[in-house]
file final_12.csv (CSV, C-alpha atoms and all ligand atoms)
chain,number,residue,atom,x,y,z
A,1,MET,CA,-168.4,108.0,-117.2
A,2,HIS,CA,-166.9,106.0,-120.0
A,3,ASN,CA,-163.1,105.8,-120.2
A,4,PRO,CA,-161.8,104.4,-123.5
A,5,ARG,CA,-159.1,101.8,-123.1
A,6,LEU,CA,-155.6,103.0,-124.0
A,7,PRO,CA,-153.5,101.0,-126.5
A,8,GLY,CA,-150.8,99.9,-124.0
A,9,ALA,CA,-147.8,97.8,-125.0
A,10,THR,CA,-148.0,95.1,-127.8
A,11,HIS,CA,-145.4,92.9,-126.1
A,12,LEU,CA,-142.3,92.7,-123.9
A,13,GLU,CA,-138.9,92.2,-125.4
A,14,CYS,CA,-135.7,90.8,-123.8
A,15,THR,CA,-133.0,93.6,-124.0
A,16,ALA,CA,-130.3,91.0,-124.5
A,17,THR,CA,-131.8,88.4,-126.9
A,18,GLY,CA,-134.8,90.2,-128.5
A,19,GLU,CA,-137.1,87.3,-127.5
A,20,ARG,CA,-140.7,88.4,-127.2
A,21,PHE,CA,-143.1,87.9,-124.2
A,22,GLU,CA,-146.7,88.5,-123.3
A,23,SER,CA,-147.2,92.0,-121.8
A,24,GLU,CA,-150.6,91.4,-120.2
A,25,ALA,CA,-149.3,89.1,-117.5
A,26,LEU,CA,-146.9,90.0,-114.6
A,27,GLN,CA,-143.3,89.4,-115.9
A,28,ARG,CA,-140.0,89.9,-114.2
A,29,LEU,CA,-136.6,89.4,-115.9
A,30,SER,CA,-136.4,87.4,-119.2
A,31,PRO,CA,-135.2,83.7,-119.0
A,32,ALA,CA,-131.8,85.1,-119.9
A,33,GLY,CA,-131.9,87.0,-116.6
A,34,LYS,CA,-132.0,90.4,-118.4
A,35,PRO,CA,-134.4,93.3,-118.2
A,36,LEU,CA,-137.5,93.3,-120.4
A,37,PHE,CA,-138.6,96.4,-122.4
A,38,ALA,CA,-142.2,97.2,-123.2
A,39,ARG,CA,-142.8,97.7,-127.0
A,40,TYR,CA,-145.6,99.7,-128.6
A,41,ASP,CA,-147.2,99.9,-132.0
A,42,LEU,CA,-145.7,103.3,-132.6
A,43,ALA,CA,-146.8,103.5,-136.2
A,44,ALA,CA,-150.5,103.0,-135.1
A,45,VAL,CA,-150.4,105.8,-132.4
A,46,SER,CA,-148.3,108.3,-134.3
A,47,GLY,CA,-151.3,110.0,-135.9
A,48,ASP,CA,-152.8,111.2,-132.6
A,49,PHE,CA,-149.7,111.2,-130.5
A,50,THR,CA,-148.0,114.3,-131.9
A,51,PRO,CA,-146.0,117.0,-130.1
A,52,GLU,CA,-148.8,119.5,-131.1
A,53,ARG,CA,-151.5,117.3,-129.5
A,54,VAL,CA,-149.5,116.4,-126.4
A,55,ALA,CA,-148.8,120.1,-125.8
A,56,THR,CA,-152.4,120.6,-124.8
A,57,ARG,CA,-152.6,117.8,-122.3
A,58,ARG,CA,-152.5,117.4,-118.5
A,59,ALA,CA,-149.2,118.6,-116.9
A,60,ASP,CA,-148.0,115.2,-115.6
A,61,LEU,CA,-146.4,112.2,-117.1
A,62,TRP,CA,-149.7,110.7,-118.1
A,63,ARG,CA,-149.7,113.1,-121.0
A,64,TYR,CA,-147.7,110.4,-122.7
A,65,ALA,CA,-150.3,107.7,-122.2
A,66,GLU,CA,-150.0,106.2,-125.7
A,67,VAL,CA,-146.4,105.2,-125.0
A,68,LEU,CA,-147.1,103.9,-121.5
A,69,PRO,CA,-148.2,100.4,-120.6
A,70,VAL,CA,-151.4,101.1,-118.5
A,71,ARG,CA,-154.5,100.3,-120.5
A,72,ASP,CA,-157.3,101.3,-118.1
A,73,PRO,CA,-157.3,105.0,-117.3
A,74,ALA,CA,-158.8,104.2,-114.0
A,75,MET,CA,-155.6,102.3,-113.1
A,76,GLN,CA,-153.4,105.4,-113.5
A,77,ILE,CA,-152.3,105.9,-109.9
A,78,GLY,CA,-151.2,109.5,-109.9
A,79,LEU,CA,-149.9,111.9,-107.3
A,80,GLY,CA,-148.9,114.7,-109.7
A,81,GLU,CA,-145.6,113.0,-111.0
A,82,GLY,CA,-143.6,114.4,-113.9
A,83,TRP,CA,-143.7,117.6,-116.0
A,84,THR,CA,-141.1,119.0,-113.6
A,85,PRO,CA,-139.6,122.4,-114.5
A,86,LEU,CA,-136.6,122.7,-116.9
A,87,LEU,CA,-134.9,125.8,-115.4
A,88,ASP,CA,-132.7,128.1,-117.4
A,89,ALA,CA,-129.5,128.5,-115.3
A,90,PRO,CA,-127.4,131.3,-116.7
A,91,ARG,CA,-125.3,131.9,-113.6
A,92,LEU,CA,-124.5,128.3,-113.2
A,93,ALA,CA,-123.6,128.2,-117.0
A,94,THR,CA,-121.1,131.1,-116.4
A,95,ARG,CA,-119.6,129.3,-113.4
A,96,LEU,CA,-119.2,126.1,-115.5
A,97,ASP,CA,-118.1,128.0,-118.6
A,98,VAL,CA,-120.8,126.2,-120.7
A,99,GLY,CA,-122.9,128.0,-123.4
A,100,ARG,CA,-126.3,127.1,-121.9
A,101,VAL,CA,-127.2,125.1,-118.8
A,102,TRP,CA,-130.7,123.9,-117.9
A,103,VAL,CA,-131.6,122.2,-114.6
A,104,LYS,CA,-134.3,119.6,-114.8
A,105,ASP,CA,-135.6,119.8,-111.2
A,106,GLU,CA,-136.8,116.3,-110.4
A,107,GLY,CA,-136.9,117.2,-106.7
A,108,GLN,CA,-140.3,118.7,-107.3
A,109,ASN,CA,-141.9,115.3,-107.9
A,110,PRO,CA,-144.1,113.6,-105.3
A,111,THR,CA,-141.9,112.2,-102.5
A,112,GLY,CA,-139.1,114.6,-103.6
A,113,SER,CA,-137.3,112.6,-106.2
A,114,PHE,CA,-137.7,111.3,-109.7
A,115,LYS,CA,-138.3,107.8,-108.2
A,116,ALA,CA,-142.0,108.9,-108.3
A,117,ARG,CA,-142.0,108.5,-112.1
A,118,GLY,CA,-141.0,104.9,-112.1
A,119,MET,CA,-143.1,103.9,-109.1
A,120,ALA,CA,-146.2,105.5,-110.6
A,121,LEU,CA,-146.0,103.2,-113.6
A,122,ALA,CA,-144.7,100.1,-111.8
A,123,VAL,CA,-147.5,100.3,-109.1
A,124,SER,CA,-150.2,101.2,-111.6
A,125,ARG,CA,-149.3,98.3,-113.8
A,126,ALA,CA,-148.8,95.8,-110.9
A,127,LYS,CA,-152.4,96.7,-109.7
A,128,GLU,CA,-153.8,96.4,-113.2
A,129,LEU,CA,-152.2,93.0,-113.7
A,130,GLY,CA,-153.4,91.7,-110.3
A,131,ALA,CA,-150.4,91.9,-107.9
A,132,ALA,CA,-151.5,91.9,-104.2
A,133,GLU,CA,-148.5,93.1,-102.1
A,134,LEU,CA,-145.5,95.2,-103.2
A,135,ALA,CA,-141.9,95.1,-102.0
A,136,VAL,CA,-138.7,96.9,-102.8
A,137,PRO,CA,-135.1,96.9,-101.6
A,138,THR,CA,-133.9,100.5,-101.7
A,139,ALA,CA,-131.1,103.0,-100.9
A,140,GLY,CA,-133.9,105.3,-99.8
A,141,ASN,CA,-136.0,107.3,-102.4
A,142,ALA,CA,-137.4,104.2,-104.2
A,143,GLY,CA,-138.8,103.1,-100.8
A,144,SER,CA,-140.6,106.3,-100.2
A,145,ALA,CA,-142.0,106.5,-103.7
A,146,ALA,CA,-143.1,102.8,-103.5
A,147,ALA,CA,-144.8,103.6,-100.2
A,148,ALA,CA,-146.6,106.6,-101.6
A,149,TYR,CA,-147.9,104.9,-104.7
A,150,GLY,CA,-148.8,101.7,-102.8
A,151,ALA,CA,-150.8,103.9,-100.4
A,152,ALA,CA,-152.5,105.7,-103.2
A,153,ALA,CA,-153.3,102.3,-104.8
A,154,GLY,CA,-154.5,100.8,-101.6
A,155,MET,CA,-151.8,98.1,-101.7
A,156,PRO,CA,-149.5,97.0,-98.8
A,157,VAL,CA,-145.8,97.8,-99.4
A,158,HIS,CA,-142.7,96.2,-97.8
A,159,VAL,CA,-139.6,98.3,-97.9
A,160,VAL,CA,-136.1,97.0,-97.0
A,161,ALA,CA,-133.4,99.7,-96.6
A,162,PRO,CA,-129.9,100.1,-95.1
A,163,THR,CA,-129.7,101.3,-91.5
A,164,ASP,CA,-127.8,104.4,-92.7
A,165,THR,CA,-130.6,105.6,-95.0
A,166,PRO,CA,-131.2,109.4,-94.5
A,167,GLN,CA,-133.5,109.9,-91.5
A,168,PRO,CA,-136.0,112.1,-93.4
A,169,ILE,CA,-136.5,109.3,-95.9
A,170,VAL,CA,-137.0,106.7,-93.1
A,171,GLU,CA,-139.6,108.9,-91.4
A,172,GLU,CA,-141.3,109.5,-94.8
A,173,ILE,CA,-141.6,105.7,-95.5
A,174,ARG,CA,-143.1,105.1,-92.1
A,175,ALA,CA,-145.5,108.0,-92.4
A,176,LEU,CA,-146.7,106.6,-95.8
A,177,GLY,CA,-147.8,103.4,-94.0
A,178,ALA,CA,-145.2,101.0,-95.5
A,179,ASP,CA,-143.8,98.1,-93.5
A,180,LEU,CA,-140.1,99.1,-93.2
A,181,GLN,CA,-137.2,96.8,-92.3
A,182,LEU,CA,-133.8,98.4,-91.8
A,183,LEU,CA,-130.8,96.2,-92.5
A,184,ASP,CA,-127.1,96.7,-91.6
A,185,GLY,CA,-125.8,96.3,-95.2
A,186,LEU,CA,-126.1,97.6,-98.8
A,187,ILE,CA,-129.1,97.7,-101.2
A,188,SER,CA,-127.8,94.4,-102.6
A,189,ASP,CA,-128.2,92.8,-99.1
A,190,CYS,CA,-131.7,94.3,-98.9
A,191,ALA,CA,-132.5,92.7,-102.2
A,192,GLN,CA,-131.8,89.2,-100.7
A,193,LEU,CA,-134.5,89.9,-98.0
A,194,VAL,CA,-137.0,91.0,-100.6
A,195,LYS,CA,-136.3,87.8,-102.5
A,196,GLN,CA,-137.3,85.7,-99.5
A,197,GLY,CA,-140.5,87.6,-99.2
A,198,VAL,CA,-141.2,87.0,-102.9
A,199,GLU,CA,-140.6,83.3,-102.5
A,200,ARG,CA,-142.5,82.9,-99.2
A,201,HIS,CA,-145.3,85.4,-99.4
A,202,GLY,CA,-145.7,86.1,-103.1
A,203,TRP,CA,-144.7,89.8,-102.8
A,204,TRP,CA,-144.4,91.6,-106.2
A,205,ASP,CA,-140.8,92.8,-106.4
A,206,LEU,CA,-140.4,96.4,-107.7
A,207,SER,CA,-136.5,96.3,-107.8
A,208,THR,CA,-134.9,98.4,-110.5
A,209,LEU,CA,-135.2,96.9,-114.0
A,210,LYS,CA,-136.4,93.5,-112.5
A,211,GLU,CA,-139.9,94.4,-113.6
A,212,PRO,CA,-140.4,96.2,-116.9
A,213,TYR,CA,-142.4,99.3,-116.0
A,214,ARG,CA,-140.3,101.6,-113.7
A,215,VAL,CA,-138.1,102.4,-116.8
A,216,GLU,CA,-141.3,103.3,-118.7
A,217,GLY,CA,-142.0,106.0,-116.1
A,218,LYS,CA,-138.5,107.2,-116.1
A,219,LYS,CA,-138.3,107.5,-119.9
A,220,THR,CA,-140.9,110.3,-119.8
A,221,MET,CA,-138.0,112.6,-118.7
A,222,GLY,CA,-136.7,112.2,-122.3
A,223,TYR,CA,-140.0,113.2,-123.8
A,224,GLU,CA,-140.3,116.2,-121.4
A,225,VAL,CA,-136.8,117.6,-122.2
A,226,PHE,CA,-137.7,117.5,-125.9
A,227,GLU,CA,-141.1,119.3,-125.3
A,228,GLN,CA,-139.7,121.8,-122.8
A,229,LEU,CA,-136.9,122.8,-125.1
A,230,GLY,CA,-139.5,123.7,-127.7
A,231,GLY,CA,-139.2,120.5,-129.8
A,232,ARG,CA,-135.5,119.7,-129.9
A,233,LEU,CA,-132.8,117.9,-127.8
A,234,PRO,CA,-129.7,119.4,-126.1
A,235,ASP,CA,-126.1,118.7,-127.0
A,236,ALA,CA,-125.6,116.8,-123.8
A,237,ILE,CA,-127.5,115.3,-120.8
A,238,VAL,CA,-125.7,114.7,-117.6
A,239,TYR,CA,-127.3,112.2,-115.2
A,240,PRO,CA,-126.5,110.7,-111.8
A,241,THR,CA,-126.4,106.9,-112.2
A,242,GLY,CA,-127.2,104.3,-109.7
A,243,GLY,CA,-129.2,101.4,-111.2
A,244,GLY,CA,-129.4,103.5,-114.4
A,245,THR,CA,-133.2,103.4,-115.1
A,246,GLY,CA,-133.2,107.2,-115.8
A,247,LEU,CA,-130.5,107.1,-118.4
A,248,ILE,CA,-131.7,103.8,-120.0
A,249,GLY,CA,-135.3,105.2,-120.0
A,250,MET,CA,-134.3,108.4,-121.8
A,251,TRP,CA,-132.3,106.5,-124.3
A,252,LYS,CA,-135.3,104.3,-125.0
A,253,ALA,CA,-137.5,107.4,-125.3
A,254,PHE,CA,-135.3,108.9,-128.0
A,255,HIS,CA,-135.6,105.7,-130.1
A,256,GLU,CA,-139.4,105.8,-129.7
A,257,MET,CA,-139.5,109.5,-130.6
A,258,GLU,CA,-137.5,108.8,-133.8
A,259,ALA,CA,-139.9,105.9,-134.7
A,260,LEU,CA,-142.8,108.3,-134.1
A,261,GLY,CA,-141.3,110.9,-136.4
A,262,TRP,CA,-140.7,113.5,-133.6
A,263,ILE,CA,-136.9,113.6,-134.1
A,264,GLY,CA,-134.4,112.3,-136.6
A,265,PRO,CA,-131.3,110.2,-135.8
A,266,GLU,CA,-129.7,113.0,-133.7
A,267,ARG,CA,-129.1,112.3,-130.0
A,268,PRO,CA,-127.7,114.1,-127.0
A,269,ARG,CA,-124.3,112.9,-125.7
A,270,MET,CA,-125.2,111.0,-122.5
A,271,TYR,CA,-123.0,111.3,-119.5
A,272,SER,CA,-123.2,109.1,-116.5
A,273,VAL,CA,-122.1,110.4,-113.1
A,274,GLN,CA,-121.2,108.2,-110.1
A,275,ALA,CA,-119.7,108.6,-106.7
A,276,ALA,CA,-115.9,108.0,-106.3
A,277,GLY,CA,-116.8,105.5,-103.5
A,278,CYS,CA,-119.2,103.5,-105.8
A,279,ALA,CA,-118.3,103.8,-109.5
A,280,PRO,CA,-118.9,100.4,-111.3
A,281,MET,CA,-120.0,102.1,-114.5
A,282,VAL,CA,-117.0,104.5,-114.6
A,283,ARG,CA,-114.6,101.6,-114.0
A,284,ALA,CA,-116.3,99.5,-116.8
A,285,TRP,CA,-116.4,102.6,-119.1
A,286,GLU,CA,-112.7,103.2,-118.6
A,287,ALA,CA,-111.9,99.5,-119.2
A,288,GLY,CA,-114.0,99.4,-122.3
A,289,VAL,CA,-116.0,96.4,-121.2
A,290,GLU,CA,-119.7,95.6,-121.6
A,291,ASP,CA,-120.5,94.5,-118.1
A,292,ALA,CA,-119.7,96.4,-114.9
A,293,GLY,CA,-119.6,93.7,-112.3
A,294,PHE,CA,-119.9,94.4,-108.6
A,295,TRP,CA,-118.2,97.3,-106.7
A,296,GLU,CA,-116.8,96.1,-103.3
A,297,GLY,CA,-117.0,98.4,-100.3
A,298,ALA,CA,-119.4,100.9,-101.8
A,299,TYR,CA,-119.8,104.2,-99.9
A,300,THR,CA,-121.1,107.7,-100.6
A,301,TYR,CA,-123.5,110.1,-98.8
A,302,ALA,CA,-125.5,110.3,-102.1
A,303,SER,CA,-127.6,107.3,-101.2
A,304,GLY,CA,-129.1,107.1,-104.7
A,305,LEU,CA,-125.7,106.4,-106.1
A,306,ARG,CA,-124.8,103.7,-103.6
A,307,VAL,CA,-125.7,100.9,-106.0
A,308,PRO,CA,-122.8,98.5,-106.3
A,309,GLY,CA,-124.2,96.3,-109.0
A,310,ALA,CA,-126.8,97.0,-111.8
A,311,VAL,CA,-128.7,94.4,-113.8
A,312,GLY,CA,-128.9,97.0,-116.6
A,313,ASP,CA,-125.2,97.7,-116.7
A,314,PHE,CA,-124.8,96.7,-120.4
A,315,LEU,CA,-127.7,99.0,-121.4
A,316,ILE,CA,-126.2,102.0,-119.5
A,317,LEU,CA,-122.7,101.4,-121.1
A,318,ARG,CA,-124.3,101.0,-124.6
A,319,ALA,CA,-126.2,104.3,-124.3
A,320,LEU,CA,-122.9,106.1,-123.3
A,321,ARG,CA,-121.1,104.5,-126.2
A,322,GLU,CA,-123.7,105.0,-128.9
A,323,SER,CA,-124.3,108.6,-127.9
A,324,GLY,CA,-120.6,109.6,-127.8
A,325,GLY,CA,-120.8,110.3,-124.0
A,326,ALA,CA,-118.7,109.1,-121.1
A,327,ALA,CA,-118.8,108.2,-117.4
A,328,VAL,CA,-117.4,110.3,-114.6
A,329,ALA,CA,-116.8,109.8,-110.8
A,330,VAL,CA,-117.0,112.6,-108.3
A,331,PRO,CA,-116.0,112.5,-104.6
A,332,ASP,CA,-118.6,113.4,-102.0
A,333,HIS,CA,-117.0,116.7,-100.9
A,334,GLU,CA,-117.3,118.0,-104.5
A,335,MET,CA,-120.9,117.0,-104.6
A,336,ALA,CA,-121.5,119.1,-101.4
A,337,GLU,CA,-119.5,122.0,-102.8
A,338,TRP,CA,-121.7,122.0,-106.0
A,339,VAL,CA,-124.9,121.6,-104.1
A,340,ALA,CA,-124.1,125.0,-102.6
A,341,TYR,CA,-123.2,126.6,-105.9
A,342,MET,CA,-126.3,125.2,-107.5
A,343,GLY,CA,-128.4,126.6,-104.6
A,344,SER,CA,-127.0,130.1,-104.8
A,345,ASP,CA,-126.8,130.2,-108.6
A,346,THR,CA,-130.3,128.8,-109.4
A,347,GLY,CA,-132.6,128.7,-106.3
A,348,VAL,CA,-132.7,124.9,-106.4
A,349,PHE,CA,-131.7,123.1,-103.2
A,350,ALA,CA,-130.3,120.0,-104.9
A,351,ALA,CA,-129.8,116.5,-103.6
A,352,PRO,CA,-126.1,115.4,-103.4
A,353,GLU,CA,-126.8,113.5,-106.7
A,354,GLY,CA,-127.7,116.8,-108.3
A,355,GLY,CA,-124.5,118.4,-106.9
A,356,ALA,CA,-122.6,115.4,-108.4
A,357,VAL,CA,-123.9,116.3,-111.8
A,358,ALA,CA,-122.7,119.9,-111.7
A,359,ALA,CA,-119.3,118.8,-110.3
A,360,ALA,CA,-119.1,116.3,-113.2
A,361,VAL,CA,-119.9,119.0,-115.8
A,362,GLN,CA,-116.9,121.0,-114.5
A,363,ARG,CA,-114.7,117.9,-114.9
A,364,LEU,CA,-116.1,117.2,-118.4
A,365,ARG,CA,-115.5,120.8,-119.4
A,366,ALA,CA,-111.9,120.6,-118.2
A,367,SER,CA,-111.3,117.4,-120.1
A,368,GLY,CA,-112.9,118.8,-123.3
A,369,HIS,CA,-115.9,116.4,-123.4
A,370,ILE,CA,-118.2,119.3,-122.9
A,371,ARG,CA,-117.4,122.4,-125.0
A,372,ALA,CA,-117.9,126.1,-124.2
A,373,ASP,CA,-120.8,126.4,-126.7
A,374,ASP,CA,-122.7,123.3,-125.7
A,375,GLU,CA,-126.3,123.3,-124.4
A,376,VAL,CA,-126.4,121.0,-121.5
A,377,VAL,CA,-129.3,119.6,-119.4
A,378,LEU,CA,-128.3,118.7,-115.8
A,379,PHE,CA,-130.6,116.4,-113.8
A,380,ASN,CA,-131.2,117.2,-110.2
A,381,THR,CA,-132.9,113.9,-109.3
A,382,GLY,CA,-134.0,114.8,-105.8
A,383,SER,CA,-134.6,117.4,-103.2
A,384,GLY,CA,-131.8,118.4,-100.8
A,385,LEU,CA,-134.4,118.3,-98.0
A,386,LYS,CA,-134.2,114.5,-98.0
A,387,TYR,CA,-130.5,114.5,-97.1
A,388,VAL,CA,-130.6,116.9,-94.2
A,389,GLY,CA,-128.1,115.7,-91.6
A,390,MET,CA,-126.0,113.7,-94.0
A,391,THR,CA,-122.4,114.7,-94.5
A,392,PRO,CA,-119.8,113.9,-97.2
A,393,LEU,CA,-117.8,110.7,-96.7
A,394,ASP,CA,-114.8,111.6,-98.8
B,401,LIG,C1,-132.2,106.5,-107.3
B,401,LIG,C2,-131.6,107.8,-107.4
B,401,LIG,C3,-130.6,108.0,-108.4
B,401,LIG,C4,-130.1,106.9,-109.3
B,401,LIG,O1,-131.0,106.7,-110.3
B,401,LIG,P1,-131.0,105.5,-111.3
B,401,LIG,O2,-132.0,105.9,-112.4
B,401,LIG,O3,-131.5,104.3,-110.6
B,401,LIG,O4,-129.7,105.4,-111.9
B,401,LIG,C5,-130.1,109.3,-108.5
B,401,LIG,N1,-130.5,110.3,-107.7
B,401,LIG,C6,-131.4,110.1,-106.7
B,401,LIG,C7,-131.8,111.2,-105.9
B,401,LIG,C8,-132.0,108.8,-106.6
B,401,LIG,O5,-132.9,108.6,-105.6

call {"tool": "encode", "arguments": {"input": "final_12.csv", "output": "structure tokens", "more": "lines below"}}
Ligand SMILES: *Cc1c(COP(=O)(O)O)cnc(C)c1O
result
Amino acid sequence: MHNPRLPGATHLECTATGERFESEALQRLSPAGKPLFARYDLAAVSGDFTPERVATRRADLWRYAEVLPVRDPAMQIGLGEGWTPLLDAPRLATRLDVGRVWVKDEGQNPTGSFKARGMALAVSRAKELGAAELAVPTAGNAGSAAAAYGAAAGMPVHVVAPTDTPQPIVEEIRALGADLQLLDGLISDCAQLVKQGVERHGWWDLSTLKEPYRVEGKKTMGYEVFEQLGGRLPDAIVYPTGGGTGLIGMWKAFHEMEALGWIGPERPRMYSVQAAGCAPMVRAWEAGVEDAGFWEGAYTYASGLRVPGAVGDFLILRALRESGGAAVAVPDHEMAEWVAYMGSDTGVFAAPEGGAVAAAVQRLRASGHIRADDEVVLFNTGSGLKYVGMTPLD
């Protein structure tokens, strides 16, 4: 069977300086120490890559192949990631006093979280470009997604996670055949151990935004919301933010969609939700600064939000600012309360991160950021099943 090559990216671009780099070799951060973005010849693909054509394609994220970096279709390592349901949630909307609420249920991805999207792309591309062994520091879900895609690709995976990572995730990582090291510390401490493996053994580091392709997988959420709403964007998107790839990715997708002629200059207001015990973006947002810095003493039972420092902080804050959005912090007990409301109102057993989003909408509604006639998309980024046994810390 003959598989035609896909166009892939034209080059990589430093998100801080705009400097260009080769996209057909493995690249990490730019020399400025900032994330790289893949860029595409959008004018060249726009004739075939239309919403009408895409509508007839496979129901996973590879339907967006022209704006993804993988060139050889045989290198698309897939487990059924993406094209998760966007669920109309009228009872949750009533409870929140918001015009229309949709829940994008990312818990239905392989390995039960939206981390599958990013790892599908990062692992496919690492394989395509010749990486041998993969490694990732993780608060949990990125580790199981890396383990799954590494297994599917036939590549060894090293995962370093904190000792208090939820037990279902620990067992999942082990069952998926990865080499797991548990460390008494935070994800930032785990990153140091991965760095040693990179230096000593040549591991390919899949850390958030330290390679350019996880964000390419995450951006497909932006394309999907547009398609699933019948070719438009909502008034607001509310998103639980750790390292921020989801938010940054969707913001990138909207720029691409405008260049492709799918949308005009309109954008949803982007809201970033963090835990009260780890809220570097909220602190930076409130102070009006460009860089978030490091959050000391981070804690929350929403392990995906226990990310004290993010290399893409300036990109998150820029998207919030340019979209007219905001950043909100939520204590753990409110997350748990809203997990229960979401469950009984919608039938979705949300992760604490999903509960945090619903709790944030209530706060944003009270403060007037979200209005009674808004149409809002809430992201539930993971399945509640992965947090069984975890209890709120504040
Ligand atoms: C990783 C994770 C997050 C944070 O996502 P980022 O895109 O890195 O900000 C949110 N929710 C869950 C369930 C996660 O696993």

call {"tool": "atom_distance", "arguments": {"input": "final_12.csv", "atom1": "atom CA of Asp60 of chain A", "atom2": "atom CA of Gly78 of chain A"}}
result
8.7 Å

call {"tool": "closest_atom_pairs", "arguments": {"input": "final_12.csv", "of": "chain A", "to": "ligand LIG 401 (chain B)", "cutoff": "8 Å", "atoms": "all atoms listed in the file", "output": "Markdown table"}}
result
| residue | atom | partner | partner_atom | distance |
| --- | --- | --- | --- | --- |
| A:Gly107 | CA | B:LIG401 | C7 | 7.9 |
| A:Ser113 | CA | B:LIG401 | C7 | 5.7 |
| A:Phe114 | CA | B:LIG401 | O5 | 6.9 |
| A:Lys115 | CA | B:LIG401 | O5 | 6.0 |
| A:Ala139 | CA | B:LIG401 | C1 | 7.4 |
| A:Gly140 | CA | B:LIG401 | O5 | 6.7 |
| A:Asn141 | CA | B:LIG401 | O5 | 4.6 |
| A:Ala142 | CA | B:LIG401 | O5 | 6.4 |
| A:Thr208 | CA | B:LIG401 | O3 | 6.8 |
| A:Lys218 | CA | B:LIG401 | O2 | 7.6 |
| A:Tyr239 | CA | B:LIG401 | C5 | 7.8 |
| A:Pro240 | CA | B:LIG401 | C5 | 5.1 |
| A:Thr241 | CA | B:LIG401 | O4 | 3.6 |
| A:Gly242 | CA | B:LIG401 | O4 | 3.5 |
| A:Gly243 | CA | B:LIG401 | O3 | 3.7 |
| A:Gly244 | CA | B:LIG401 | O4 | 3.2 |
| A:Thr245 | CA | B:LIG401 | O2 | 3.9 |
| A:Gly246 | CA | B:LIG401 | O2 | 3.8 |
| A:Leu247 | CA | B:LIG401 | O2 | 6.3 |
| A:Ile248 | CA | B:LIG401 | O2 | 7.9 |
| A:Ala302 | CA | B:LIG401 | C7 | 7.4 |
| A:Ser303 | CA | B:LIG401 | O5 | 7.0 |
| A:Gly304 | CA | B:LIG401 | C2 | 3.7 |
| A:Leu305 | CA | B:LIG401 | C4 | 5.5 |
| A:Ala351 | CA | B:LIG401 | C7 | 6.1 |
| A:Pro352 | CA | B:LIG401 | C7 | 7.5 |
| A:Glu353 | CA | B:LIG401 | N1 | 5.0 |
| A:Gly354 | CA | B:LIG401 | N1 | 7.1 |
| A:Asn380 | CA | B:LIG401 | N1 | 7.4 |
| A:Thr381 | CA | B:LIG401 | C7 | 4.5 |
| A:Gly382 | CA | B:LIG401 | C7 | 4.2 |
| A:Ser383 | CA | B:LIG401 | C7 | 7.3 |

call {"tool": "residues_around", "arguments": {"input": "final_12.csv", "residues": "segment 173-182 of chain A", "least_positions_apart": "4", "cutoff": "7 Å", "atoms": "only C-alpha atoms", "output": "number ranges by chain"}}
result
A: 143-144, 147-148, 151, 156-163, 169

call {"tool": "atom_distance", "arguments": {"input": "final_12.csv", "atom1": "atom CA of Glu171 of chain A", "atom2": "atom CA of Ala116 of chain A"}}
result
17.1 Å

call {"tool": "residues_near_point", "arguments": {"input": "final_12.csv", "point": "(-142.9, 107.9, -107.8)", "cutoff": "7 Å", "atoms": "all atoms listed in the file", "output": "list of chain:residue names"}}
result
A:Glu81, A:Pro110, A:Thr111, A:Phe114, A:Lys115, A:Ala116, A:Arg117, A:Gly118, A:Met119, A:Ala120, A:Ala145, A:Ala146, A:Tyr149

call {"tool": "residues_around", "arguments": {"input": "final_12.csv", "residues": "Pro35 of chain A", "least_positions_apart": "5", "cutoff": "8 Å", "atoms": "only C-alpha atoms", "output": "JSON, numbers by chain"}}
result
{"A": [14, 15, 16, 28, 29, 30, 209, 210, 211, 212, 311, 312]}

call {"tool": "atom_distance", "arguments": {"input": "final_12.csv", "atom1": "atom CA of Thr50 of chain A", "atom2": "atom CA of Tyr213 of chain A"}}
result
22.6 Å

call {"tool": "closest_residue", "arguments": {"input": "final_12.csv", "among": "A:Glu227, A:Glu13, A:Asp205, A:Asp345", "to": "Ala122 of chain A", "atoms": "all atoms listed in the file"}}
result
A:Asp205

call {"tool": "closest_residue", "arguments": {"input": "final_12.csv", "among": "A:His333, A:Gln27, A:Val225, A:Tyr40", "to": "His11 of chain A", "atoms": "all atoms listed in the file"}}
result
A:Tyr40

call {"tool": "axis_aligned_box", "arguments": {"input": "final_12.csv", "around": "segment 98-103 of chain A", "padding_each_side": "6 Å", "output": "AutoDock Vina command-line options"}}
result
--center_x -126.2 --center_y 125.1 --center_z -119.0 --size_x 22.8 --size_y 17.8 --size_z 20.8

call {"tool": "residues_around", "arguments": {"input": "final_12.csv", "residues": "Ser207 of chain A", "least_positions_apart": "4", "cutoff": "9 Å", "atoms": "only C-alpha atoms", "output": "MDAnalysis selection string"}}
result
chainID A and resid 135:138 142 191 194 211 214

call {"tool": "residues_near_point", "arguments": {"input": "final_12.csv", "point": "(-121.1, 114.6, -95.8)", "cutoff": "9 Å", "atoms": "only C-alpha atoms", "output": "list in words"}}
result
Thr300, Tyr301, Ala302, Asp332, His333, Ala336, Gly389, Met390, Thr391, Pro392, Leu393 and Asp394 of chain A

call {"tool": "residues_around", "arguments": {"input": "final_12.csv", "residues": "Trp203 of chain A", "least_positions_apart": "5", "cutoff": "7 Å", "atoms": "only C-alpha atoms", "output": "PyMOL selection string"}}
result
chain A and resi 133-135+197-198

call {"tool": "residues_around", "arguments": {"input": "final_12.csv", "residues": "Asp41 of chain A", "least_positions_apart": "5", "cutoff": "9 Å", "atoms": "only C-alpha atoms", "output": "list of chain:residue names"}}
result
A:Pro7, A:Gly8, A:Ala9, A:Thr10, A:Ser46, A:Val67
